[in-house]
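Q: Following this line is run25.txt, made up of compact mmCIF, C-alpha atoms:
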# COMPACT_ATOMS: atom_id res chain seq x y z
CA PHE A 1 -170.03 65.43 142.92
CA PHE A 2 -171.83 62.08 142.65
CA ILE A 3 -170.00 60.20 145.45
CA PRO A 4 -170.31 60.67 149.18
CA PRO A 5 -170.62 63.33 150.31
CA ARG A 6 -172.96 63.79 147.32
CA PHE A 7 -173.67 67.10 145.60
CA THR A 8 -170.52 68.66 146.97
CA MET A 9 -166.99 69.17 145.66
CA ALA A 10 -165.48 67.78 148.91
CA VAL A 11 -163.22 64.72 148.76
CA SER A 12 -163.64 62.58 151.85
CA ASP A 13 -161.40 59.65 150.80
CA THR A 14 -157.85 59.65 149.48
CA GLN A 15 -158.55 56.81 147.06
CA TYR A 16 -160.79 59.14 145.11
CA LEU A 17 -157.69 61.14 144.20
CA LEU A 18 -156.10 58.01 142.73
CA THR A 19 -159.31 57.25 140.87
CA PHE A 20 -159.41 60.77 139.49
CA LEU A 21 -155.76 60.55 138.43
CA GLY A 22 -156.35 57.22 136.72
CA LEU A 23 -159.41 58.46 134.88
CA PHE A 24 -157.56 61.62 133.88
CA VAL A 25 -154.70 59.61 132.37
CA VAL A 26 -157.12 57.31 130.57
CA GLY A 27 -158.95 60.36 129.24
CA LEU A 28 -155.73 61.85 127.92
CA VAL A 29 -154.78 58.58 126.19
CA ILE A 30 -158.23 58.16 124.66
CA SER A 31 -158.22 61.78 123.48
CA ALA A 32 -154.81 61.37 121.87
CA LEU A 33 -155.87 58.15 120.17
CA ALA A 34 -159.12 59.71 118.96
CA ASP A 35 -157.22 62.70 117.59
CA ARG A 36 -154.84 60.38 115.74
CA VAL A 37 -157.72 58.38 114.30
CA ARG A 38 -159.41 61.62 113.21
CA TYR A 39 -156.19 62.77 111.52
CA GLN A 40 -155.76 59.42 109.79
CA MET A 41 -159.37 59.51 108.63
CA HIS A 42 -158.88 63.01 107.24
CA ALA A 43 -155.67 61.91 105.49
CA ALA A 44 -157.44 58.87 104.05
CA GLN A 45 -160.28 61.03 102.79
CA THR A 46 -157.79 63.43 101.25
CA ARG A 47 -155.94 60.57 99.54
CA GLU A 48 -159.24 59.16 98.34
CA ALA A 49 -160.20 62.51 96.84
CA GLU A 50 -156.76 62.82 95.21
CA THR A 51 -156.96 59.31 93.84
CA TYR A 52 -160.40 59.99 92.42
CA GLU A 53 -159.24 63.21 90.77
CA VAL A 54 -156.18 61.50 89.27
CA TYR A 55 -158.35 58.60 88.13
CA SER A 56 -160.84 60.98 86.52
CA LEU A 57 -158.04 62.76 84.69
CA SER A 58 -156.52 59.44 83.58
CA ARG A 59 -159.90 58.28 82.31
CA ASP A 60 -160.37 61.48 80.31
CA LEU A 61 -156.85 61.30 78.95
CA ALA A 62 -157.23 57.64 78.00
CA SER A 63 -160.07 58.55 75.65
CA GLY A 64 -157.96 61.20 73.92
CA THR A 65 -156.53 60.08 70.60
CA ASP A 66 -154.77 63.30 69.61
CA GLU A 67 -153.11 66.33 71.15
CA GLU A 68 -156.24 68.47 70.91
CA SER A 69 -158.42 66.07 72.92
CA VAL A 70 -155.69 65.60 75.54
CA THR A 71 -155.34 69.37 75.86
CA ARG A 72 -159.08 69.84 76.35
CA ALA A 73 -159.16 67.16 79.06
CA VAL A 74 -156.22 68.67 80.98
CA LEU A 75 -157.54 72.24 80.86
CA THR A 76 -161.03 71.15 81.94
CA ARG A 77 -159.72 69.15 84.89
CA MET A 78 -157.38 71.95 85.95
CA THR A 79 -160.32 74.32 86.18
CA GLN A 80 -162.68 71.88 87.89
CA THR A 81 -160.19 70.50 90.43
CA PHE A 82 -158.00 73.47 91.29
CA GLY A 83 -159.85 76.46 89.89
CA TYR A 84 -156.66 77.37 88.02
CA ALA A 85 -156.41 79.01 84.62
CA ALA A 86 -153.90 77.05 82.56
CA VAL A 87 -151.98 77.07 79.30
CA ILE A 88 -150.21 74.16 77.63
CA MET A 89 -147.27 74.53 75.26
CA ILE A 90 -145.62 71.67 73.42
CA ALA A 91 -142.19 71.67 71.79
CA GLY A 92 -142.50 72.28 68.04
CA ASP A 93 -140.25 71.42 65.14
CA GLY A 94 -139.28 75.03 64.53
CA ARG A 95 -136.14 76.65 65.88
CA ILE A 96 -135.64 80.04 67.46
CA ALA A 97 -132.06 81.17 68.00
CA GLY A 98 -130.91 77.56 67.70
CA GLN A 99 -133.32 76.34 70.37
CA ALA A 100 -136.57 74.41 70.04
CA SER A 101 -139.65 76.62 70.05
CA LEU A 102 -142.87 76.05 71.99
CA ARG A 103 -146.24 76.05 70.25
CA SER A 104 -149.37 76.75 72.23
CA MET A 105 -151.78 73.81 72.30
CA GLY A 106 -154.54 75.62 74.17
CA ALA A 107 -155.38 77.82 77.12
CA THR A 108 -158.24 78.59 79.47
CA PRO A 109 -160.56 81.19 77.90
CA GLY A 110 -159.39 84.68 78.72
CA LEU A 111 -155.81 83.67 79.52
CA GLU A 112 -153.23 85.37 77.29
CA ILE A 113 -149.46 84.83 77.30
CA ASP A 114 -147.09 87.64 76.33
CA GLU A 115 -143.48 87.35 75.24
CA ASP A 116 -142.12 87.68 78.80
CA GLU A 117 -144.29 84.81 80.00
CA ARG A 118 -143.29 82.75 76.99
CA ALA A 119 -139.63 83.34 77.88
CA VAL A 120 -140.24 81.95 81.38
CA ALA A 121 -141.99 78.94 79.85
CA THR A 122 -139.05 78.39 77.50
CA TRP A 123 -136.63 78.47 80.43
CA ALA A 124 -138.67 75.87 82.29
CA TYR A 125 -138.74 73.66 79.20
CA GLN A 126 -135.03 73.95 78.46
CA HIS A 127 -133.92 73.32 82.06
CA GLY A 128 -136.59 70.78 82.98
CA GLN A 129 -137.45 72.71 86.17
CA ALA A 130 -140.47 74.64 87.42
CA ALA A 131 -140.22 78.40 87.07
CA GLY A 132 -142.37 81.43 87.62
CA GLU A 133 -144.86 82.29 90.38
CA GLY A 134 -144.35 80.38 93.61
CA THR A 135 -140.83 79.17 92.71
CA ASP A 136 -137.29 80.42 93.30
CA THR A 137 -136.76 81.04 89.57
CA LEU A 138 -138.33 84.16 88.06
CA PRO A 139 -141.01 84.39 90.79
CA GLY A 140 -142.37 87.63 89.35
CA ALA A 141 -144.05 85.81 86.48
CA ALA A 142 -147.83 85.70 86.44
CA LEU A 143 -147.95 81.92 85.99
CA ARG A 144 -146.08 78.96 87.34
CA TYR A 145 -144.60 76.87 84.51
CA MET A 146 -143.96 73.16 85.09
CA PRO A 147 -142.18 70.94 82.54
CA LEU A 148 -144.04 68.00 81.00
CA THR A 149 -141.28 65.46 81.55
CA THR A 150 -141.34 61.70 80.99
CA GLY A 151 -138.66 59.06 81.17
CA ARG A 152 -137.66 59.82 77.60
CA ARG A 153 -137.55 63.60 77.38
CA THR A 154 -139.31 66.89 78.13
CA LEU A 155 -142.27 67.37 75.81
CA GLY A 156 -143.33 70.90 76.78
CA VAL A 157 -144.65 72.91 79.71
CA ILE A 158 -147.93 73.58 81.45
CA GLY A 159 -148.49 76.97 83.06
CA VAL A 160 -151.06 77.57 85.82
CA ARG A 161 -152.33 80.80 87.33
CA ARG A 162 -153.80 80.71 90.83
CA GLN A 163 -156.81 82.84 91.64
CA ASN A 164 -155.37 83.91 95.03
CA ARG A 165 -151.59 84.19 94.97
CA ASP A 166 -151.43 85.23 98.62
CA ALA A 167 -153.08 82.04 99.87
CA GLY A 168 -150.70 79.28 100.84
CA GLU A 169 -150.59 75.98 98.98
CA THR A 170 -150.80 72.80 101.04
CA PRO A 171 -148.43 69.90 100.34
CA ASP A 172 -151.39 67.71 99.41
CA ARG A 173 -152.56 70.18 96.81
CA ARG A 174 -149.04 70.56 95.42
CA ARG A 175 -148.68 66.79 95.26
CA LEU A 176 -151.98 66.48 93.38
CA LEU A 177 -150.89 69.19 90.94
CA ASP A 178 -147.63 67.31 90.28
CA ALA A 179 -149.62 64.14 89.67
CA PHE A 180 -151.77 65.99 87.12
CA VAL A 181 -148.69 67.27 85.33
CA ASN A 182 -147.15 63.79 85.21
CA GLN A 183 -150.36 62.28 83.84
CA ALA A 184 -150.56 64.97 81.18
CA ALA A 185 -146.94 64.35 80.17
CA LEU A 186 -147.58 60.61 79.81
CA ALA A 187 -150.71 61.28 77.75
CA TYR A 188 -148.84 63.55 75.32
CA GLU A 189 -146.08 60.98 75.05
CA ARG A 190 -148.64 58.26 74.31
CA VAL A 191 -150.15 60.38 71.55
CA GLU A 192 -146.71 61.07 70.11
CA LEU A 193 -145.74 57.39 70.17
CA GLY A 194 -149.10 56.48 68.61
CA GLU A 195 -148.50 58.95 65.80
CA GLN A 196 -145.03 57.54 65.24
CA ALA A 197 -146.46 54.03 65.14
CA ARG A 198 -149.06 55.13 62.58
CA ARG A 199 -146.35 56.69 60.45
CA VAL A 200 -144.37 53.46 60.63
CA ASP A 201 -147.48 51.51 59.61
CA VAL A 202 -148.07 53.88 56.70
CA LEU A 203 -144.45 53.52 55.57
CA ASP A 204 -144.70 49.74 55.89
CA ALA A 205 -147.96 49.69 53.94
CA THR A 206 -146.43 51.97 51.31
CA GLU A 207 -143.42 49.68 50.97
CA LYS A 208 -145.70 46.65 50.60
CA LEU A 209 -147.79 48.55 48.06
CA GLN A 210 -144.72 49.47 46.07
CA THR A 211 -143.52 45.87 46.13
CA ALA A 212 -146.92 44.61 45.03
CA LEU A 213 -147.08 47.28 42.34
CA LEU A 214 -143.68 46.36 40.91
CA SER A 215 -144.39 42.64 40.92
CA SER A 216 -147.88 43.15 39.45
CA VAL A 217 -147.12 45.57 36.65
CA SER A 218 -143.61 44.51 35.68
CA HIS A 219 -144.89 41.76 33.36
CA GLU A 220 -147.80 43.87 32.12
CA LEU A 221 -145.41 46.66 31.18
CA ARG A 222 -142.90 44.37 29.55
CA THR A 223 -145.44 42.62 27.31
CA PRO A 224 -146.67 45.64 25.28
CA LEU A 225 -143.18 47.13 25.21
CA ALA A 226 -141.79 43.86 23.84
CA SER A 227 -144.51 43.73 21.19
CA ILE A 228 -143.91 47.34 20.13
CA THR A 229 -140.16 46.73 20.08
CA GLY A 230 -140.71 43.63 17.92
CA VAL A 231 -142.81 45.60 15.45
CA LEU A 232 -140.20 48.33 15.18
CA SER A 233 -137.46 45.72 14.74
CA SER A 234 -139.43 44.08 11.93
CA LEU A 235 -139.90 47.41 10.23
CA LYS A 236 -136.20 48.12 10.55
CA GLU A 237 -135.22 44.75 9.08
CA ALA A 238 -137.68 45.25 6.23
CA THR A 239 -135.71 48.27 5.09
CA ALA A 240 -132.87 47.26 2.78
CA SER A 241 -129.47 48.81 3.04
CA GLN A 242 -130.27 50.92 -0.06
CA GLY A 243 -133.40 52.26 1.67
CA THR A 244 -135.86 50.04 -0.29
CA PHE A 245 -138.81 48.93 1.84
CA ARG A 246 -139.31 45.14 1.63
CA MET A 247 -142.72 44.34 3.11
CA LYS A 248 -146.19 43.77 1.73
CA GLU A 249 -148.92 46.22 2.60
CA GLU A 250 -150.97 43.53 4.38
CA ALA A 251 -148.07 42.61 6.63
CA LEU A 252 -147.29 46.27 7.29
CA ALA A 253 -150.93 46.95 8.23
CA GLY A 254 -150.88 43.96 10.58
CA LEU A 255 -147.74 45.18 12.31
CA ALA A 256 -149.12 48.70 12.62
CA GLU A 257 -152.38 47.39 14.10
CA SER A 258 -150.48 45.21 16.55
CA ALA A 259 -148.27 48.09 17.65
CA LEU A 260 -151.29 50.39 18.03
CA GLY A 261 -153.14 47.83 20.12
CA GLU A 262 -150.18 47.30 22.42
CA ALA A 263 -149.62 51.06 22.71
CA GLU A 264 -153.28 51.53 23.70
CA ARG A 265 -152.93 48.70 26.21
CA LEU A 266 -149.84 50.33 27.65
CA ASN A 267 -151.59 53.71 27.79
CA HIS A 268 -154.57 52.12 29.59
CA LEU A 269 -152.24 50.46 32.10
CA VAL A 270 -150.36 53.69 32.83
CA GLY A 271 -153.68 55.53 33.15
CA ASN A 272 -154.86 53.00 35.75
CA LEU A 273 -151.65 53.42 37.70
CA LEU A 274 -152.03 57.21 37.70
CA ASP A 275 -155.69 56.98 38.73
CA MET A 276 -154.85 54.65 41.61
CA THR A 277 -152.10 57.03 42.70
CA ARG A 278 -154.64 59.89 42.81
CA LEU A 279 -157.05 57.78 44.83
CA GLU A 280 -154.38 56.68 47.28
CA ALA A 281 -153.20 60.26 47.75
CA GLY A 282 -156.73 61.59 48.28
CA ALA A 283 -156.31 63.87 45.28
CA LEU A 284 -159.55 62.80 43.61
CA ARG A 285 -161.96 65.70 43.12
CA VAL A 286 -165.57 65.04 42.13
CA ASN A 287 -167.29 67.73 40.05
CA ALA A 288 -170.91 66.57 40.18
CA GLU A 289 -173.49 67.93 37.76
CA PRO A 290 -176.92 66.58 36.73
CA VAL A 291 -176.36 64.10 33.87
CA GLU A 292 -178.71 62.19 31.58
CA LEU A 293 -177.83 58.50 31.74
CA GLU A 294 -178.53 58.14 28.01
CA ASP A 295 -175.89 60.77 27.24
CA LEU A 296 -173.48 59.08 29.62
CA MET A 297 -173.92 55.66 27.97
CA GLY A 298 -173.57 57.21 24.52
CA ALA A 299 -170.21 58.69 25.46
CA VAL A 300 -169.11 55.40 27.06
CA LEU A 301 -170.02 53.33 23.98
CA ALA A 302 -168.25 55.77 21.67
CA GLN A 303 -165.14 55.55 23.83
CA PHE A 304 -165.31 51.75 24.18
CA SER A 305 -166.25 50.80 20.61
CA GLU A 306 -162.70 50.07 19.47
CA ARG A 307 -162.03 47.89 22.53
CA ALA A 308 -165.20 45.79 22.27
CA ARG A 309 -163.24 43.04 20.45
CA GLY A 310 -166.27 41.84 18.52
CA HIS A 311 -168.58 41.74 21.52
CA GLU A 312 -171.99 43.35 21.23
CA ILE A 313 -172.86 45.83 23.97
CA GLU A 314 -176.59 45.57 24.64
CA VAL A 315 -177.94 48.65 26.43
CA ALA A 316 -181.42 48.55 27.91
CA PRO A 317 -183.58 51.63 27.18
CA MET A 318 -182.86 54.45 29.63
CA ALA A 319 -185.43 56.97 28.47
CA GLY A 320 -187.45 58.46 31.30
CA LEU A 321 -184.81 57.92 33.94
CA PRO A 322 -184.12 60.99 36.11
CA MET A 323 -180.96 63.02 35.85
CA VAL A 324 -178.30 61.91 38.31
CA PRO A 325 -175.71 64.22 39.92
CA LEU A 326 -172.31 62.77 39.08
CA ASP A 327 -168.92 63.52 37.59
CA PHE A 328 -169.39 62.71 33.91
CA VAL A 329 -165.75 61.88 33.20
CA LEU A 330 -165.17 59.77 36.31
CA ILE A 331 -168.35 57.68 36.06
CA ALA A 332 -167.71 57.20 32.34
CA GLN A 333 -164.31 55.81 33.29
CA VAL A 334 -166.00 53.46 35.78
CA LEU A 335 -168.34 52.10 33.10
CA VAL A 336 -165.51 51.73 30.58
CA ASN A 337 -163.50 49.75 33.13
CA LEU A 338 -166.52 47.53 33.90
CA LEU A 339 -167.17 46.93 30.19
CA ASP A 340 -163.52 46.15 29.58
CA ASN A 341 -163.55 43.69 32.48
CA ALA A 342 -166.74 42.04 31.20
CA VAL A 343 -165.37 41.69 27.68
CA LYS A 344 -162.11 40.15 28.90
CA TYR A 345 -163.92 37.47 30.91
CA SER A 346 -166.61 36.69 28.30
CA PRO A 347 -166.40 34.07 25.53
CA PRO A 348 -165.59 35.44 22.07
CA GLY A 349 -168.55 37.25 20.56
CA ALA A 350 -170.70 36.96 23.70
CA PRO A 351 -172.90 40.00 24.40
CA VAL A 352 -172.45 42.29 27.40
CA GLU A 353 -175.62 43.75 28.91
CA VAL A 354 -175.93 47.21 30.44
CA ALA A 355 -179.06 48.36 32.28
CA ALA A 356 -180.15 51.11 34.67
CA LYS A 357 -183.12 51.52 37.01
CA VAL A 358 -184.36 53.69 39.86
CA LEU A 359 -184.72 52.23 43.35
CA GLY A 360 -186.10 54.82 45.76
CA ASP A 361 -183.47 57.49 46.33
CA GLU A 362 -180.83 55.61 44.36
CA VAL A 363 -180.04 54.71 40.76
CA GLU A 364 -178.54 51.35 39.86
CA ILE A 365 -176.37 50.79 36.79
CA SER A 366 -175.47 47.17 36.08
CA VAL A 367 -173.00 45.55 33.68
CA ALA A 368 -173.53 41.82 33.11
CA ASP A 369 -171.59 39.21 31.14
CA ILE A 370 -172.03 35.47 30.49
CA GLY A 371 -168.49 34.49 31.39
CA PRO A 372 -167.26 31.84 33.86
CA GLY A 373 -168.44 33.81 36.90
CA ILE A 374 -166.57 34.52 40.11
CA PRO A 375 -166.06 32.16 43.08
CA GLU A 376 -168.23 33.17 46.03
CA SER A 377 -165.14 33.71 48.20
CA ASP A 378 -163.80 36.25 45.70
CA LEU A 379 -166.92 38.41 45.21
CA GLU A 380 -165.75 40.99 47.78
CA ARG A 381 -162.03 40.69 47.17
CA ILE A 382 -162.17 41.52 43.47
CA PHE A 383 -162.43 45.20 44.43
CA ASP A 384 -159.13 45.08 46.34
CA LYS A 385 -155.99 46.50 44.78
CA PHE A 386 -153.95 44.04 42.69
CA TYR A 387 -156.37 41.18 43.32
CA ARG A 388 -157.34 39.12 40.28
CA VAL A 389 -159.47 36.02 39.91
CA SER A 390 -157.18 33.18 38.95
CA ARG A 391 -159.22 32.10 35.93
CA PRO A 392 -159.10 32.22 33.01
CA GLU A 393 -155.33 32.12 32.79
CA THR A 394 -155.24 33.83 29.40
CA VAL A 395 -156.68 37.10 30.75
CA SER A 396 -154.05 39.71 31.57
CA GLY A 397 -154.31 42.68 33.90
CA THR A 398 -153.00 44.32 37.03
CA GLY A 399 -156.06 44.04 39.29
CA LEU A 400 -156.46 47.82 39.49
CA GLY A 401 -159.54 48.41 37.34
CA LEU A 402 -162.21 47.39 39.86
CA ALA A 403 -160.32 49.01 42.74
CA ILE A 404 -160.38 52.29 40.81
CA CYS A 405 -164.10 51.84 40.16
CA ARG A 406 -164.79 51.36 43.85
CA GLY A 407 -162.79 54.45 44.80
CA ILE A 408 -164.62 56.64 42.29
CA VAL A 409 -168.09 55.31 43.16
CA GLU A 410 -167.55 55.69 46.92
CA ALA A 411 -166.28 59.23 46.34
CA HIS A 412 -169.74 59.91 44.87
CA GLY A 413 -171.38 58.55 48.03
CA GLY A 414 -172.41 55.32 46.32
CA HIS A 415 -171.29 51.71 46.43
CA ILE A 416 -170.37 48.92 44.02
CA SER A 417 -170.93 45.18 44.32
CA ALA A 418 -170.61 41.99 42.27
CA ALA A 419 -172.75 38.86 42.09
CA ASN A 420 -173.01 35.72 39.98
CA ARG A 421 -175.90 35.51 37.52
CA PRO A 422 -178.26 32.55 37.86
CA GLY A 423 -177.70 31.58 34.22
CA GLY A 424 -173.93 31.98 34.41
CA GLY A 425 -171.68 34.97 34.30
CA THR A 426 -171.19 37.99 36.52
CA ILE A 427 -173.17 41.16 37.14
CA VAL A 428 -171.49 44.22 38.64
CA THR A 429 -173.86 46.85 40.06
CA VAL A 430 -173.03 50.51 40.66
CA THR A 431 -175.43 52.29 43.00
CA LEU A 432 -175.43 56.10 43.03
CA PRO A 433 -177.56 58.47 45.13
CA ARG A 434 -180.08 60.65 43.29
CA GLU A 435 -178.91 63.59 45.39
CA ALA A 436 -175.26 64.60 45.45
CA VAL A 437 -173.32 63.13 48.37
CA ILE A 438 -169.76 63.99 47.44
CA ASP A 439 -166.71 62.96 49.44
CA GLU A 440 -163.92 65.02 47.86
CA GLY A 441 -160.38 63.90 48.32
CA ARG A 442 -161.35 60.59 49.89
CA PRO A 443 -158.40 58.16 49.79
CA VAL A 444 -159.34 54.65 48.69
CA GLU A 445 -158.92 52.09 51.49
Please express what this file holds, its structure, as structure tokens.
A:
Amino acid sequence: FFIPPRFTMAVSDTQYLLTFLGLFVVGLVISALADRVRYQMHAAQTREAETYEVYSLSRDLASGTDEESVTRAVLTRMTQTFGYAAVIMIAGDGRIAGQASLRSMGATPGLEIDEDERAVATWAYQHGQAAGEGTDTLPGAALRYMPLTTGRRTLGVIGVRRQNRDAGETPDRRRLLDAFVNQAALAYERVELGEQARRVDVLDATEKLQTALLSSVSHELRTPLASITGVLSSLKEATASQGTFRMKEEALAGLAESALGEAERLNHLVGNLLDMTRLEAGALRVNAEPVELEDLMGAVLAQFSERARGHEIEVAPMAGLPMVPLDFVLIAQVLVNLLDNAVKYSPPGAPVEVAAKVLGDEVEISVADIGPGIPESDLERIFDKFYRVSRPETVSGTGLGLAICRGIVEAHGGHISAANRPGGGTIVTVTLPREAVIDEGRPVE
């Protein structure tokens, strides 16, 4: 049209036919190449979208630390990416007819599974193959059930329900769905392995604790038992074959006092072991009621009087202090343990000071001695189980008293600390909130 003769469809030269043929071939080639590039671009965009969706699911699953969080992430992504309603079932420990049962971990709101659907899910789990809608196995089911399979075993199944069952499913979409299922299976396996690792750590810690307990208390248990056994042996030897008792009253009173002291020491040791067991098991229950600190200290002094060993307990006036919500028995035990610790590490006859004061929303109760003090590196560690300051060597114990105190105080929402006094000695401070902040059943760390 644009070559001579112009503005006509006439062809006046044969070479124009060759030119037309050449341009036509070039056009076909360029069109084919452009179509291929467009297809490759579409495929790349599809793969990019799939990769992003899988990455998003992996990111959500990576933040899940338990089965519930993993289930929420999978169900949310199933709805957002595919628009599918989904249900997830994991193999439980129970048995039905000799076969492992499936427990439901969660489902999209409004999705309910009846017994027939559960039977299809069980078949998919047992055979490790997809079943239900869109498959060759039990296609009449309302959902398609796909096994959550890893390299180790099948963990459960995930069932999906499409909004439009008549619409076809592209290979890309099916591939993305399979990728989601594989990622979910790996996430559940990771959670399971993490739980197993935690159980192993707990067992290992328990074994170490038992070993430490045996090595720590074996001597402490033997000493009072040996003393009591010695007293009983002496009493037995003092009895003549004719039944005549051969021992002066002073000696008999001394033996009885020694046996009583060792029995009380043994009872205190066993009580500490039982208290630590309750704390470790999270069985501690705090019954907090408003308490007058004067009444509390009166009960503590009455309970501790026989164990003061000649030390004077100096209590600063506590009149006018507000009532504090606490468990009377447990906090009294804390103060008795602190007093006992102060007396053991104080010189003979040295006084032990007890004081209390209000600091804002908290109340501080302090127990101070004038003993050798505590090395700075040990001020935090003395509240650990079985830890004892190495001096003085004559002081016996298991290292449980302060650990029990910390567990009880923290169960009240408070804290306990130790510091060295400027003039020598140690001061242990218990801080309690003036309003009840109770952490029942809190295991000591």
Q: Report the distance between atom CA of Ser104 of chain A and atom CA of Asp201 of chain A in Å, rounded to one decimal place.
A: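 Rounded to one decimal, the two atoms are 28.3 Å apart.
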Q: In file coordinates, which residues lie within 9 Å of (-161.3, 50.8, 40.4) using only C-alpha atoms, given as a PyMOL selection string?
A: chain A and resi 272+275-276+334+337-338+383-385+399-409
Q: Have a look at atom CA of Gly106 of chain A and atom CA of Thr71 of chain A and let me know their distance in Å, one decimal.
A: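 Between atom CA of Gly106 of chain A and atom CA of Thr71 of chain A the gap is 6.5 Å.
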Q: Counting only C-alpha atoms, figure out which residue out of A:Arg309, A:Arg434, A:His415, A:Lys208 gets nearest to Lys344 of chain A.
A: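 Nearest candidate to Lys344 of chain A out of A:Arg309, A:Arg434, A:His415, A:Lys208: A:Arg309.
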Q: So which one's closest to Gly134 of chain A, A:Leu57, A:Met146, A:Ala332, A:Ile158? Using all atoms listed in the file, please.
A: A:Met146
Q: Quick one, how far is atom CA of Gln163 of chain A from atom CA of Val70 of chain A?
A: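 So the answer is 23.6 Å.
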Q: Please identify all polymer residues within 6 Å of Gly425 of chain A, counting all atoms listed in the file, omitting same-chain residues fewer than 4 positions from it, and present them as a list in words.
A: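 Using all atoms listed in the file, the neighbours found are Asp369, Ile370, Gly371, Pro372, Gly373, Asn420 and Arg421 of chain A.
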Q: Please fill the gaps in segment 67-81 of chain A so it has N, CA and C atoms, and write that as a PDB file, in the coordinates of the input.
A:
ATOM      1  N   GLU A  67    -153.556  65.291  70.235  1.00  0.00           N
ATOM      2  CA  GLU A  67    -153.110  66.330  71.150  1.00  0.00           C
ATOM      3  C   GLU A  67    -154.240  67.274  71.538  1.00  0.00           C
ATOM      4  N   GLU A  68    -155.151  67.544  70.607  1.00  0.00           N
ATOM      5  CA  GLU A  68    -156.240  68.470  70.910  1.00  0.00           C
ATOM      6  C   GLU A  68    -157.159  67.927  71.997  1.00  0.00           C
ATOM      7  N   SER A  69    -157.532  66.651  71.910  1.00  0.00           N
ATOM      8  CA  SER A  69    -158.420  66.070  72.920  1.00  0.00           C
ATOM      9  C   SER A  69    -157.731  65.964  74.268  1.00  0.00           C
ATOM     10  N   VAL A  70    -156.434  65.645  74.281  1.00  0.00           N
ATOM     11  CA  VAL A  70    -155.690  65.600  75.540  1.00  0.00           C
ATOM     12  C   VAL A  70    -155.627  66.985  76.173  1.00  0.00           C
ATOM     13  N   THR A  71    -155.402  68.001  75.352  1.00  0.00           N
ATOM     14  CA  THR A  71    -155.340  69.370  75.860  1.00  0.00           C
ATOM     15  C   THR A  71    -156.669  69.792  76.477  1.00  0.00           C
ATOM     16  N   ARG A  72    -157.766  69.489  75.804  1.00  0.00           N
ATOM     17  CA  ARG A  72    -159.080  69.840  76.350  1.00  0.00           C
ATOM     18  C   ARG A  72    -159.318  69.167  77.698  1.00  0.00           C
ATOM     19  N   ALA A  73    -158.945  67.889  77.801  1.00  0.00           N
ATOM     20  CA  ALA A  73    -159.160  67.160  79.060  1.00  0.00           C
ATOM     21  C   ALA A  73    -158.341  67.771  80.192  1.00  0.00           C
ATOM     22  N   VAL A  74    -157.081  68.108  79.937  1.00  0.00           N
ATOM     23  CA  VAL A  74    -156.220  68.670  80.980  1.00  0.00           C
ATOM     24  C   VAL A  74    -156.730  70.033  81.433  1.00  0.00           C
ATOM     25  N   LEU A  75    -157.068  70.903  80.496  1.00  0.00           N
ATOM     26  CA  LEU A  75    -157.540  72.240  80.860  1.00  0.00           C
ATOM     27  C   LEU A  75    -158.855  72.168  81.638  1.00  0.00           C
ATOM     28  N   THR A  76    -159.744  71.278  81.227  1.00  0.00           N
ATOM     29  CA  THR A  76    -161.030  71.150  81.940  1.00  0.00           C
ATOM     30  C   THR A  76    -160.815  70.676  83.364  1.00  0.00           C
ATOM     31  N   ARG A  77    -159.968  69.683  83.556  1.00  0.00           N
ATOM     32  CA  ARG A  77    -159.720  69.150  84.890  1.00  0.00           C
ATOM     33  C   ARG A  77    -158.973  70.150  85.767  1.00  0.00           C
ATOM     34  N   MET A  78    -158.083  70.925  85.184  1.00  0.00           N
ATOM     35  CA  MET A  78    -157.380  71.950  85.950  1.00  0.00           C
ATOM     36  C   MET A  78    -158.362  72.968  86.527  1.00  0.00           C
ATOM     37  N   THR A  79    -159.328  73.354  85.717  1.00  0.00           N
ATOM     38  CA  THR A  79    -160.320  74.320  86.180  1.00  0.00           C
ATOM     39  C   THR A  79    -161.250  73.718  87.224  1.00  0.00           C
ATOM     40  N   GLN A  80    -161.724  72.500  86.972  1.00  0.00           N
ATOM     41  CA  GLN A  80    -162.680  71.880  87.890  1.00  0.00           C
ATOM     42  C   GLN A  80    -162.045  71.495  89.215  1.00  0.00           C
ATOM     43  N   THR A  81    -160.818  71.010  89.203  1.00  0.00           N
ATOM     44  CA  THR A  81    -160.190  70.500  90.430  1.00  0.00           C
ATOM     45  C   THR A  81    -159.530  71.601  91.243  1.00  0.00           C
TER      46      THR A  81
END
